[in-house]
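Since the structure comes first, as structure tokens, the remarks are kept for the end.
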Amino acid sequence: MCRHAAWLGSPRPLTSLICEPEHGLLRQSYAPRLQRYGTVNADGFGMGWYDPAHTEPVRYRRAVPVWTDANLPALARVARSRCLLAAVRSATVGMPVEETATAPFTDGRWLLSHNGRVTRDAVRDLADDLPGAAESSCDSAWLAAAVFSRRRSGLPLGEALAEVVAHAGAKAPEARLNLLACDGASLAATVWGDTLFLHHDDRPGGGVLVASEPLDERPGWQAVPERSLLLASSGGVHVQPL
Ligand code: GLN
């Protein structure tokens with residue numbers, strides 16, 4: 001399944017998630033180390049970041065393997081932000097390979113990625129405006145629409161993710177629902193069926209790094225427990241059971 005990663009902390013370029021670390025998303029696209037489902041993540045990639053001059057995040061997505069985009073390394077070096085999110089995709093069988101099926105999905109200031117799979121029947125009731133609100137027929141786009149409908153009703157990021165995962169997980173016990181989302185000032189992630197790791201450096205200039213699998217060999221990477229919700233903001237990092 002897909003691999004995703006996010007950063008919240010002092011400003012960094014997107015390359016710090018993708019090309020720079022030894023096991024960044026570029027490497028994870030063809031040689032992931034802990035992937036439980038699928039072997040490569042070559043069905044597309046995407047990244048999102050926040051520019052201080054704009055309210056909404058900037059997003060760049062392609063439906064090609066990340067290593068084939070010759071323009072990406074330079075773009076990822078200058079796309080800097082306190083809050084970053086990126087993903088590489090291994091499409092679930094039966095799902096379309098197209099840009100609109102590729103994370104990050106976005107609505108307002110929120111960016112969202114999904115690592116896993118779920119039947120659309122388990123998601124259908126989670127938003128009144130489905131399927132119309134989903135950008136693609138891909139399961140991840142349906143989950144994103146369900147999360148975003150909660151954003152519009154005023155739910156905070158973590159609660160929106162937790163509610164969607166709890167409902168979809170109850171309807172489809174075999175579903176894998178690792179979601180990763182951010183809003184420019186906070187991050188939230190669920191662990192439901194696949195791996196997720198956290199690296200927290202609270203020294204000045206540091207921040208919180210969250211990734212499906214460690215991006216490098218530094219000490220300090222911690223596995224986030226199965227069936228939990230991770231919340232990170234300037235107030236710190238909290239992990240709670242789902
Ligand atoms: N099911 C989603 C898709 O098809 C996510 C796949 C994944 O996690 N590899 O894109």
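Note on naming: chains are A, B, ... as they come in the structure tokens, residues start from 1 per chain, ligands start from 1 in the order shown.
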Would you mind listing what lies within 6 Å of range 181-188 of chain A as a PDB file with C-alpha atoms, in the first residue's frame, with only C-alpha atoms counted and same-chain residues fewer than 6 positions away left out?
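Below is the file around_23.pdb, written as the result:
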ATOM      1  CA  CYS A  83       3.836  21.958   7.530  1.00  0.00           C
ATOM      2  CA  ARG A 109      -6.651  24.332   4.532  1.00  0.00           C
ATOM      3  CA  TRP A 110      -6.762  20.561   4.989  1.00  0.00           C
ATOM      4  CA  LEU A 111      -4.554  18.080   3.179  1.00  0.00           C
ATOM      5  CA  LEU A 112      -5.170  14.343   3.480  1.00  0.00           C
ATOM      6  CA  GLY A 158      -8.278  14.759  14.751  1.00  0.00           C
ATOM      7  CA  LEU A 230      -1.797  10.739  16.718  1.00  0.00           C
ATOM      8  CA  LEU A 231      -2.212  14.486  17.163  1.00  0.00           C
ATOM      9  CA  ALA A 232       0.628  16.986  16.820  1.00  0.00           C
ATOM     10  CA  SER A 233       0.581  20.760  17.193  1.00  0.00           C
TER      11      SER A 233
END
Checklist entry - Mind checking DSSP for range 101-188 of chain A and telling me the helix (DSSP H, G or I) residues as a ChimeraX atom specification? => result /A:101,120-122,124-126,139-152,157-171
Enumerate, in order of chain and increasing residue number, the residues of range 140-226 of chain A with an atom no farther than 7 Å from range 114-124 of chain A, each with its shortest atom pair and distance in Å to one decimal, counting only C-alpha atoms, as CSV.
residue,atom,partner,partner_atom,distance
A:Ser140,CA,A:His114,CA,5.7
A:Trp142,CA,A:Val123,CA,6.7
A:Leu143,CA,A:Val123,CA,6.5
A:Ala168,CA,A:Ala122,CA,5.2
A:Lys171,CA,A:Ala122,CA,5.5
A:Ala172,CA,A:Ala122,CA,6.0
A:Ala175,CA,A:Val118,CA,4.7
A:Arg176,CA,A:Gly116,CA,4.5
A:Leu177,CA,A:Gly116,CA,5.3
A:Asn178,CA,A:Asn115,CA,5.0
A:Leu179,CA,A:His114,CA,4.6
A:Leu180,CA,A:His114,CA,6.5
Residues within 8 Å of ligand 1 (only C-alpha atoms and all ligand atoms), as a JSON list (two decimals) with N, CA and C atoms, in the first residue's frame?
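Result written to result-v1.json:
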[["chain", "number", "residue", "atom", "x", "y", "z"],
["A", 1, "MET", "N", 0.83, -1.20, 0.00],
["A", 1, "MET", "CA", 0.00, 0.00, 0.00],
["A", 1, "MET", "C", 0.86, 1.25, 0.00],
["A", 2, "CYS", "N", 0.26, 2.27, -0.08],
["A", 2, "CYS", "CA", 1.00, 3.56, -0.23],
["A", 2, "CYS", "C", 1.89, 3.84, 0.98],
["A", 3, "ARG", "N", 2.74, 4.79, 0.80],
["A", 3, "ARG", "CA", 3.59, 5.30, 1.89],
["A", 3, "ARG", "C", 3.35, 6.79, 1.97],
["A", 37, "TYR", "N", 1.63, -4.58, 2.19],
["A", 37, "TYR", "CA", 0.79, -4.91, 1.05],
["A", 37, "TYR", "C", 1.35, -4.22, -0.18],
["A", 38, "GLY", "N", 1.61, -4.98, -1.25],
["A", 38, "GLY", "CA", 2.19, -4.40, -2.45],
["A", 38, "GLY", "C", 3.70, -4.35, -2.33],
["A", 41, "ASN", "N", 5.59, 1.51, -5.10],
["A", 41, "ASN", "CA", 4.59, 2.59, -5.05],
["A", 41, "ASN", "C", 4.80, 3.47, -6.28],
["A", 89, "ARG", "N", 2.07, 6.36, -4.26],
["A", 89, "ARG", "CA", 0.88, 5.52, -4.33],
["A", 89, "ARG", "C", 1.11, 4.17, -5.00],
["A", 90, "SER", "N", 0.56, 3.15, -4.40],
["A", 90, "SER", "CA", 0.41, 1.84, -5.03],
["A", 90, "SER", "C", -1.08, 1.62, -5.13],
["A", 91, "ALA", "N", -1.64, 1.76, -6.32],
["A", 91, "ALA", "CA", -3.10, 1.73, -6.46],
["A", 91, "ALA", "C", -3.64, 0.36, -6.05],
["A", 92, "THR", "N", -4.71, 0.36, -5.30],
["A", 92, "THR", "CA", -5.43, -0.86, -4.95],
["A", 92, "THR", "C", -6.05, -1.41, -6.23],
["A", 93, "VAL", "N", -6.08, -2.75, -6.35],
["A", 93, "VAL", "CA", -6.67, -3.39, -7.53],
["A", 93, "VAL", "C", -8.09, -2.86, -7.74],
["A", 94, "GLY", "N", -8.37, -2.46, -8.96],
["A", 94, "GLY", "CA", -9.71, -1.97, -9.29],
["A", 94, "GLY", "C", -9.85, -0.46, -9.17],
["A", 95, "MET", "N", -8.86, 0.19, -8.59],
["A", 95, "MET", "CA", -8.94, 1.65, -8.43],
["A", 95, "MET", "C", -8.28, 2.33, -9.63],
["A", 96, "PRO", "N", -8.81, 3.47, -10.04],
["A", 96, "PRO", "CA", -8.23, 4.15, -11.21],
["A", 96, "PRO", "C", -6.86, 4.74, -10.91],
["A", 97, "VAL", "N", -6.00, 4.72, -11.94],
["A", 97, "VAL", "CA", -4.70, 5.40, -11.81],
["A", 97, "VAL", "C", -4.84, 6.73, -12.55],
["A", 101, "ALA", "N", -7.05, 10.57, -8.19],
["A", 101, "ALA", "CA", -7.09, 9.49, -7.19],
["A", 101, "ALA", "C", -5.85, 9.52, -6.31],
["A", 102, "THR", "N", -4.99, 10.51, -6.54],
["A", 102, "THR", "CA", -3.69, 10.56, -5.89],
["A", 102, "THR", "C", -3.69, 11.57, -4.74],
["A", 103, "ALA", "N", -3.16, 11.14, -3.59],
["A", 103, "ALA", "CA", -3.06, 12.05, -2.44],
["A", 103, "ALA", "C", -1.94, 13.06, -2.69],
["A", 114, "HIS", "N", -4.30, 8.75, 2.33],
["A", 114, "HIS", "CA", -4.79, 7.47, 2.87],
["A", 114, "HIS", "C", -3.85, 6.36, 2.45],
["A", 115, "ASN", "N", -3.43, 5.58, 3.41],
["A", 115, "ASN", "CA", -2.67, 4.36, 3.15],
["A", 115, "ASN", "C", -3.57, 3.20, 3.59],
["A", 116, "GLY", "N", -4.05, 2.43, 2.61],
["A", 116, "GLY", "CA", -4.90, 1.30, 2.96],
["A", 116, "GLY", "C", -5.93, 1.02, 1.90],
["A", 117, "ARG", "N", -7.01, 0.36, 2.28],
["A", 117, "ARG", "CA", -8.11, 0.10, 1.35],
["A", 117, "ARG", "C", -9.39, -0.10, 2.14],
["A", 118, "VAL", "N", -10.50, 0.26, 1.49],
["A", 118, "VAL", "CA", -11.80, 0.11, 2.13],
["A", 118, "VAL", "C", -12.85, 0.00, 1.03],
["A", 138, "CYS", "N", -11.86, 6.42, -6.57],
["A", 138, "CYS", "CA", -10.91, 5.73, -5.68],
["A", 138, "CYS", "C", -11.41, 5.77, -4.22],
["A", 139, "ASP", "N", -11.21, 4.66, -3.50],
["A", 139, "ASP", "CA", -11.68, 4.60, -2.10],
["A", 139, "ASP", "C", -11.10, 5.75, -1.26],
["A", 140, "SER", "N", -9.84, 6.10, -1.52],
["A", 140, "SER", "CA", -9.20, 7.17, -0.73],
["A", 140, "SER", "C", -9.90, 8.51, -0.95]]
Show me, as a compact mmCIF listing (two decimals) with N, CA and C atoms, in the first residue's frame, the residues that have an atom within 10 Å of Ala133 in chain A when counting only C-alpha atoms, minus same-chain residues fewer than 2 positions from it.
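Written output follows (result_36.txt):
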# COMPACT_ATOMS: atom_id res chain seq x y z
N ALA A 127 -21.00 10.62 4.27
CA ALA A 127 -21.19 12.00 3.78
C ALA A 127 -22.44 12.04 2.92
N ASP A 128 -23.26 13.05 3.11
CA ASP A 128 -24.51 13.16 2.35
C ASP A 128 -24.25 13.37 0.87
N ASP A 129 -23.10 13.98 0.57
CA ASP A 129 -22.87 14.38 -0.82
C ASP A 129 -22.02 13.37 -1.59
N LEU A 130 -21.90 12.14 -1.10
CA LEU A 130 -21.19 11.11 -1.86
C LEU A 130 -22.16 10.44 -2.83
N PRO A 131 -21.74 10.02 -4.03
CA PRO A 131 -20.38 10.06 -4.52
C PRO A 131 -19.95 11.39 -5.13
N GLU A 135 -13.50 13.29 -5.46
CA GLU A 135 -12.80 13.76 -6.64
C GLU A 135 -12.62 12.63 -7.66
N SER A 136 -12.65 11.39 -7.17
CA SER A 136 -12.38 10.23 -8.02
C SER A 136 -13.20 9.08 -7.46
N ALA A 141 -10.36 8.75 -2.18
CA ALA A 141 -11.06 10.01 -2.47
C ALA A 141 -12.41 10.04 -1.74
N TRP A 142 -13.04 8.88 -1.60
CA TRP A 142 -14.30 8.80 -0.85
C TRP A 142 -14.05 9.09 0.63
N ALA A 144 -11.62 10.83 1.83
CA ALA A 144 -11.29 12.25 1.93
C ALA A 144 -12.58 13.08 1.95
N ALA A 145 -13.53 12.73 1.08
CA ALA A 145 -14.80 13.48 1.04
C ALA A 145 -15.53 13.36 2.38
N ALA A 146 -15.48 12.17 2.99
CA ALA A 146 -16.14 11.97 4.29
C ALA A 146 -15.47 12.82 5.37
N PHE A 148 -13.71 15.58 4.83
CA PHE A 148 -13.89 17.01 4.52
C PHE A 148 -15.30 17.48 4.84
N SER A 149 -16.29 16.58 4.74
CA SER A 149 -17.65 17.02 5.12
C SER A 149 -17.68 17.35 6.61
Next on the checklist: Given only C-alpha atoms as the basis, pick out the residue of A:Val224, A:Tyr50, A:Leu229, A:Gly205 nearest to Ala160 in chain A.
Outcome noted: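 Smallest distance to Ala160 in chain A is found for A:Leu229.
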Checklist entry - Residues at most 9 Å from Ser16 in chain A, counting only C-alpha atoms, excluding those fewer than 5 positions away in the same chain, as number ranges by chain? => result A: 7, 21, 24, 76-77
Output all heavy atoms of each residue in that selection to a file, as a PDB file, in the first residue's frame.
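Result file is part31.pdb:
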ATOM      1  N   TRP A   7       5.454  16.572   7.997  1.00  0.00           N
ATOM      2  CA  TRP A   7       6.330  17.318   8.912  1.00  0.00           C
ATOM      3  C   TRP A   7       5.579  18.498   9.492  1.00  0.00           C
ATOM      4  O   TRP A   7       4.823  19.180   8.774  1.00  0.00           O
ATOM      5  CB  TRP A   7       7.546  17.829   8.137  1.00  0.00           C
ATOM      6  CG  TRP A   7       8.346  18.891   8.848  1.00  0.00           C
ATOM      7  CD1 TRP A   7       8.325  20.238   8.576  1.00  0.00           C
ATOM      8  CD2 TRP A   7       9.275  18.700   9.917  1.00  0.00           C
ATOM      9  NE1 TRP A   7       9.192  20.884   9.419  1.00  0.00           N
ATOM     10  CE2 TRP A   7       9.789  19.963  10.260  1.00  0.00           C
ATOM     11  CE3 TRP A   7       9.719  17.580  10.629  1.00  0.00           C
ATOM     12  CZ2 TRP A   7      10.723  20.153  11.278  1.00  0.00           C
ATOM     13  CZ3 TRP A   7      10.653  17.762  11.640  1.00  0.00           C
ATOM     14  CH2 TRP A   7      11.148  19.030  11.952  1.00  0.00           C
ATOM     15  N   PRO A  21      16.399  12.250   2.563  1.00  0.00           N
ATOM     16  CA  PRO A  21      16.737  11.151   3.479  1.00  0.00           C
ATOM     17  C   PRO A  21      17.016   9.862   2.701  1.00  0.00           C
ATOM     18  O   PRO A  21      16.434   9.638   1.629  1.00  0.00           O
ATOM     19  CB  PRO A  21      15.484  10.980   4.339  1.00  0.00           C
ATOM     20  CG  PRO A  21      14.528  12.022   3.947  1.00  0.00           C
ATOM     21  CD  PRO A  21      14.972  12.615   2.654  1.00  0.00           C
ATOM     22  N   GLY A  24      13.812   8.172   2.115  1.00  0.00           N
ATOM     23  CA  GLY A  24      12.703   9.092   1.863  1.00  0.00           C
ATOM     24  C   GLY A  24      11.690   8.465   0.897  1.00  0.00           C
ATOM     25  O   GLY A  24      11.872   7.336   0.419  1.00  0.00           O
ATOM     26  N   ALA A  76      10.933  20.323  -5.155  1.00  0.00           N
ATOM     27  CA  ALA A  76      10.882  19.879  -3.751  1.00  0.00           C
ATOM     28  C   ALA A  76      11.954  20.573  -2.904  1.00  0.00           C
ATOM     29  O   ALA A  76      11.827  20.648  -1.693  1.00  0.00           O
ATOM     30  CB  ALA A  76      11.034  18.364  -3.675  1.00  0.00           C
ATOM     31  N   ARG A  77      12.991  21.093  -3.553  1.00  0.00           N
ATOM     32  CA  ARG A  77      14.032  21.821  -2.799  1.00  0.00           C
ATOM     33  C   ARG A  77      13.586  23.227  -2.409  1.00  0.00           C
ATOM     34  O   ARG A  77      14.047  23.769  -1.411  1.00  0.00           O
ATOM     35  CB  ARG A  77      15.325  21.922  -3.628  1.00  0.00           C
ATOM     36  CG  ARG A  77      16.223  20.702  -3.499  1.00  0.00           C
ATOM     37  CD  ARG A  77      17.659  21.001  -3.930  1.00  0.00           C
ATOM     38  NE  ARG A  77      17.768  21.399  -5.325  1.00  0.00           N
ATOM     39  CZ  ARG A  77      17.873  20.547  -6.350  1.00  0.00           C
ATOM     40  NH1 ARG A  77      17.879  19.246  -6.136  1.00  0.00           N
ATOM     41  NH2 ARG A  77      17.978  20.988  -7.583  1.00  0.00           N
TER      42      ARG A  77
END
Checklist entry - Counting only C-alpha atoms, which of A:Arg203, A:His23, A:Arg61, A:Arg151 gets nearest to Ala86 in chain A? => result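 Of A:Arg203, A:His23, A:Arg61, A:Arg151, the one nearest Ala86 in chain A, counting only C-alpha atoms, is A:Arg61.
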Next on the checklist: as a PyMOL selection string, please: the residues near Cys19 in chain A (cut-off 12 Å, only C-alpha atoms, same-chain neighbours under 2 positions excluded).
Outcome noted: chain A and resi 13-17+21-29+66-67+72-77+86+215-216
Output for the residues just chosen: C-alpha atoms as an mmCIF file, in the first residue's frame:
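Saved as part.cif:
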data_model
loop_
_atom_site.group_PDB
_atom_site.id
_atom_site.type_symbol
_atom_site.label_atom_id
_atom_site.label_comp_id
_atom_site.auth_asym_id
_atom_site.auth_seq_id
_atom_site.Cartn_x
_atom_site.Cartn_y
_atom_site.Cartn_z
ATOM 1 C CA PRO A 13 11.688 21.932 2.100
ATOM 2 C CA LEU A 14 9.627 19.018 0.803
ATOM 3 C CA THR A 15 12.786 17.321 -0.290
ATOM 4 C CA SER A 16 13.320 16.522 3.418
ATOM 5 C CA LEU A 17 10.496 13.981 3.030
ATOM 6 C CA PRO A 21 16.737 11.151 3.479
ATOM 7 C CA GLU A 22 18.252 7.796 2.597
ATOM 8 C CA HIS A 23 14.842 6.111 2.876
ATOM 9 C CA GLY A 24 12.703 9.092 1.863
ATOM 10 C CA LEU A 25 9.569 8.640 -0.232
ATOM 11 C CA LEU A 26 11.619 8.529 -3.442
ATOM 12 C CA ARG A 27 13.434 5.405 -2.199
ATOM 13 C CA GLN A 28 10.246 4.066 -0.613
ATOM 14 C CA SER A 29 8.541 4.275 -3.997
ATOM 15 C CA VAL A 66 7.939 9.746 -8.586
ATOM 16 C CA TRP A 67 11.336 8.826 -10.034
ATOM 17 C CA LEU A 72 10.409 17.237 -8.956
ATOM 18 C CA PRO A 73 13.831 17.406 -7.240
ATOM 19 C CA ALA A 74 14.239 21.157 -7.896
ATOM 20 C CA LEU A 75 10.626 21.903 -6.985
ATOM 21 C CA ALA A 76 10.882 19.879 -3.751
ATOM 22 C CA ARG A 77 14.032 21.821 -2.799
ATOM 23 C CA ALA A 86 3.716 13.895 0.730
ATOM 24 C CA LEU A 215 12.911 7.923 6.514
ATOM 25 C CA ASP A 216 16.436 7.389 7.845
#
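As for CA of Ala134 in chain A and CA of Ala189 in chain A, they are spaced 20.4 Å apart.
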Item to check | Shell around Ala223 in chain A at 10 Å using only C-alpha atoms, local window under 6 positions removed, as a PyMOL selection string | outcome: chain A and resi 191+195-199+210-214
Based on DSSP run over this structure's backbone, return all residues of range 182-236 of chain A in strand (DSSP E or B), as a PDB file with N, CA and C atoms, in the first residue's frame.
ATOM      1  N   CYS A 182      -3.284  17.257   7.639  1.00  0.00           N
ATOM      2  CA  CYS A 182      -2.725  18.443   8.302  1.00  0.00           C
ATOM      3  C   CYS A 182      -3.522  19.671   7.860  1.00  0.00           C
ATOM      4  N   LEU A 187      -1.076  18.385  12.833  1.00  0.00           N
ATOM      5  CA  LEU A 187      -1.086  17.129  12.069  1.00  0.00           C
ATOM      6  C   LEU A 187      -1.981  16.152  12.817  1.00  0.00           C
ATOM      7  N   ALA A 188      -2.624  15.248  12.092  1.00  0.00           N
ATOM      8  CA  ALA A 188      -3.347  14.148  12.737  1.00  0.00           C
ATOM      9  C   ALA A 188      -3.140  12.908  11.877  1.00  0.00           C
ATOM     10  N   ALA A 189      -3.052  11.753  12.526  1.00  0.00           N
ATOM     11  CA  ALA A 189      -2.857  10.508  11.772  1.00  0.00           C
ATOM     12  C   ALA A 189      -3.531   9.374  12.510  1.00  0.00           C
ATOM     13  N   THR A 190      -4.063   8.424  11.748  1.00  0.00           N
ATOM     14  CA  THR A 190      -4.630   7.224  12.359  1.00  0.00           C
ATOM     15  C   THR A 190      -3.769   6.027  11.978  1.00  0.00           C
ATOM     16  N   VAL A 191      -3.720   5.060  12.896  1.00  0.00           N
ATOM     17  CA  VAL A 191      -3.051   3.787  12.605  1.00  0.00           C
ATOM     18  C   VAL A 191      -4.123   2.722  12.701  1.00  0.00           C
ATOM     19  N   PHE A 197       5.183   5.576  11.877  1.00  0.00           N
ATOM     20  CA  PHE A 197       6.297   5.901  12.777  1.00  0.00           C
ATOM     21  C   PHE A 197       6.339   7.402  13.036  1.00  0.00           C
ATOM     22  N   LEU A 198       6.902   7.728  14.209  1.00  0.00           N
ATOM     23  CA  LEU A 198       6.971   9.109  14.660  1.00  0.00           C
ATOM     24  C   LEU A 198       8.406   9.408  15.067  1.00  0.00           C
ATOM     25  N   HIS A 199       8.874  10.594  14.689  1.00  0.00           N
ATOM     26  CA  HIS A 199      10.175  11.075  15.171  1.00  0.00           C
ATOM     27  C   HIS A 199       9.950  12.490  15.666  1.00  0.00           C
ATOM     28  N   HIS A 200      10.148  12.703  16.961  1.00  0.00           N
ATOM     29  CA  HIS A 200       9.836  14.006  17.547  1.00  0.00           C
ATOM     30  C   HIS A 200      11.109  14.621  18.108  1.00  0.00           C
ATOM     31  N   ASP A 201      11.469  15.779  17.591  1.00  0.00           N
ATOM     32  CA  ASP A 201      12.651  16.491  18.079  1.00  0.00           C
ATOM     33  C   ASP A 201      12.154  17.823  18.626  1.00  0.00           C
ATOM     34  N   GLY A 207      11.004  19.512  15.234  1.00  0.00           N
ATOM     35  CA  GLY A 207       9.606  19.358  14.905  1.00  0.00           C
ATOM     36  C   GLY A 207       9.204  17.892  14.950  1.00  0.00           C
ATOM     37  N   VAL A 208       8.055  17.619  14.370  1.00  0.00           N
ATOM     38  CA  VAL A 208       7.485  16.272  14.392  1.00  0.00           C
ATOM     39  C   VAL A 208       7.460  15.717  12.977  1.00  0.00           C
ATOM     40  N   LEU A 209       8.006  14.537  12.831  1.00  0.00           N
ATOM     41  CA  LEU A 209       8.016  13.844  11.545  1.00  0.00           C
ATOM     42  C   LEU A 209       7.180  12.581  11.726  1.00  0.00           C
ATOM     43  N   VAL A 210       6.234  12.378  10.822  1.00  0.00           N
ATOM     44  CA  VAL A 210       5.374  11.190  10.880  1.00  0.00           C
ATOM     45  C   VAL A 210       5.489  10.508   9.527  1.00  0.00           C
ATOM     46  N   ALA A 211       5.687   9.191   9.509  1.00  0.00           N
ATOM     47  CA  ALA A 211       5.866   8.506   8.222  1.00  0.00           C
ATOM     48  C   ALA A 211       5.445   7.046   8.335  1.00  0.00           C
ATOM     49  N   GLN A 222       9.837   6.021  16.609  1.00  0.00           N
ATOM     50  CA  GLN A 222       8.981   5.183  17.447  1.00  0.00           C
ATOM     51  C   GLN A 222       7.800   4.694  16.618  1.00  0.00           C
ATOM     52  N   ALA A 223       7.449   3.416  16.777  1.00  0.00           N
ATOM     53  CA  ALA A 223       6.253   2.904  16.090  1.00  0.00           C
ATOM     54  C   ALA A 223       5.024   3.408  16.847  1.00  0.00           C
ATOM     55  N   SER A 228      -4.649   3.619  16.835  1.00  0.00           N
ATOM     56  CA  SER A 228      -4.517   4.843  17.613  1.00  0.00           C
ATOM     57  C   SER A 228      -4.606   6.072  16.715  1.00  0.00           C
ATOM     58  N   LEU A 229      -4.768   7.200  17.402  1.00  0.00           N
ATOM     59  CA  LEU A 229      -4.859   8.504  16.746  1.00  0.00           C
ATOM     60  C   LEU A 229      -3.697   9.337  17.259  1.00  0.00           C
ATOM     61  N   LEU A 230      -2.915   9.866  16.343  1.00  0.00           N
ATOM     62  CA  LEU A 230      -1.797  10.739  16.718  1.00  0.00           C
ATOM     63  C   LEU A 230      -2.189  12.175  16.414  1.00  0.00           C
ATOM     64  N   LEU A 231      -1.931  13.059  17.357  1.00  0.00           N
ATOM     65  CA  LEU A 231      -2.212  14.486  17.163  1.00  0.00           C
ATOM     66  C   LEU A 231      -0.940  15.252  17.458  1.00  0.00           C
ATOM     67  N   ALA A 232      -0.563  16.171  16.584  1.00  0.00           N
ATOM     68  CA  ALA A 232       0.628  16.986  16.820  1.00  0.00           C
ATOM     69  C   ALA A 232       0.299  18.439  16.517  1.00  0.00           C
ATOM     70  N   SER A 233       0.760  19.319  17.398  1.00  0.00           N
ATOM     71  CA  SER A 233       0.581  20.760  17.193  1.00  0.00           C
ATOM     72  C   SER A 233       1.716  21.435  17.943  1.00  0.00           C
ATOM     73  N   GLY A 236       2.513  20.056  21.347  1.00  0.00           N
ATOM     74  CA  GLY A 236       3.161  18.772  21.587  1.00  0.00           C
ATOM     75  C   GLY A 236       2.526  17.656  20.781  1.00  0.00           C
TER      76      GLY A 236
END
Item to check | Proximity to Ala166 in chain A - best of A:Pro241, A:Pro57, A:Gly46, A:Pro52, only C-alpha atoms | outcome: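 Nearest to Ala166 in chain A: A:Pro241.
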Item to check | Atom pair CA of Gly235 in chain A / CA of Ser81 in chain A: separation (Å) | outcome: 18.3 Å
Item to check | Counting only C-alpha atoms, the option among A:Ala162, A:Ala5, A:Leu155, A:Ala31 closest to Pro104 in chain A | outcome: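 Of A:Ala162, A:Ala5, A:Leu155, A:Ala31, the one nearest Pro104 in chain A, counting only C-alpha atoms, is A:Ala5.
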Checklist entry - Suppose you want the space between CA of Val58 in chain A and CA of Arg80 in chain A; what is it in Å? => result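 We find that CA of Val58 in chain A and CA of Arg80 in chain A lie 10.7 Å from each other.
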Checklist entry - Which residue, A:Thr106, A:Asn71, A:Thr100, A:Ser10, has the smallest gap to Ser234 in chain A when you use only C-alpha atoms? => result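 Nearest to Ser234 in chain A: A:Ser10.
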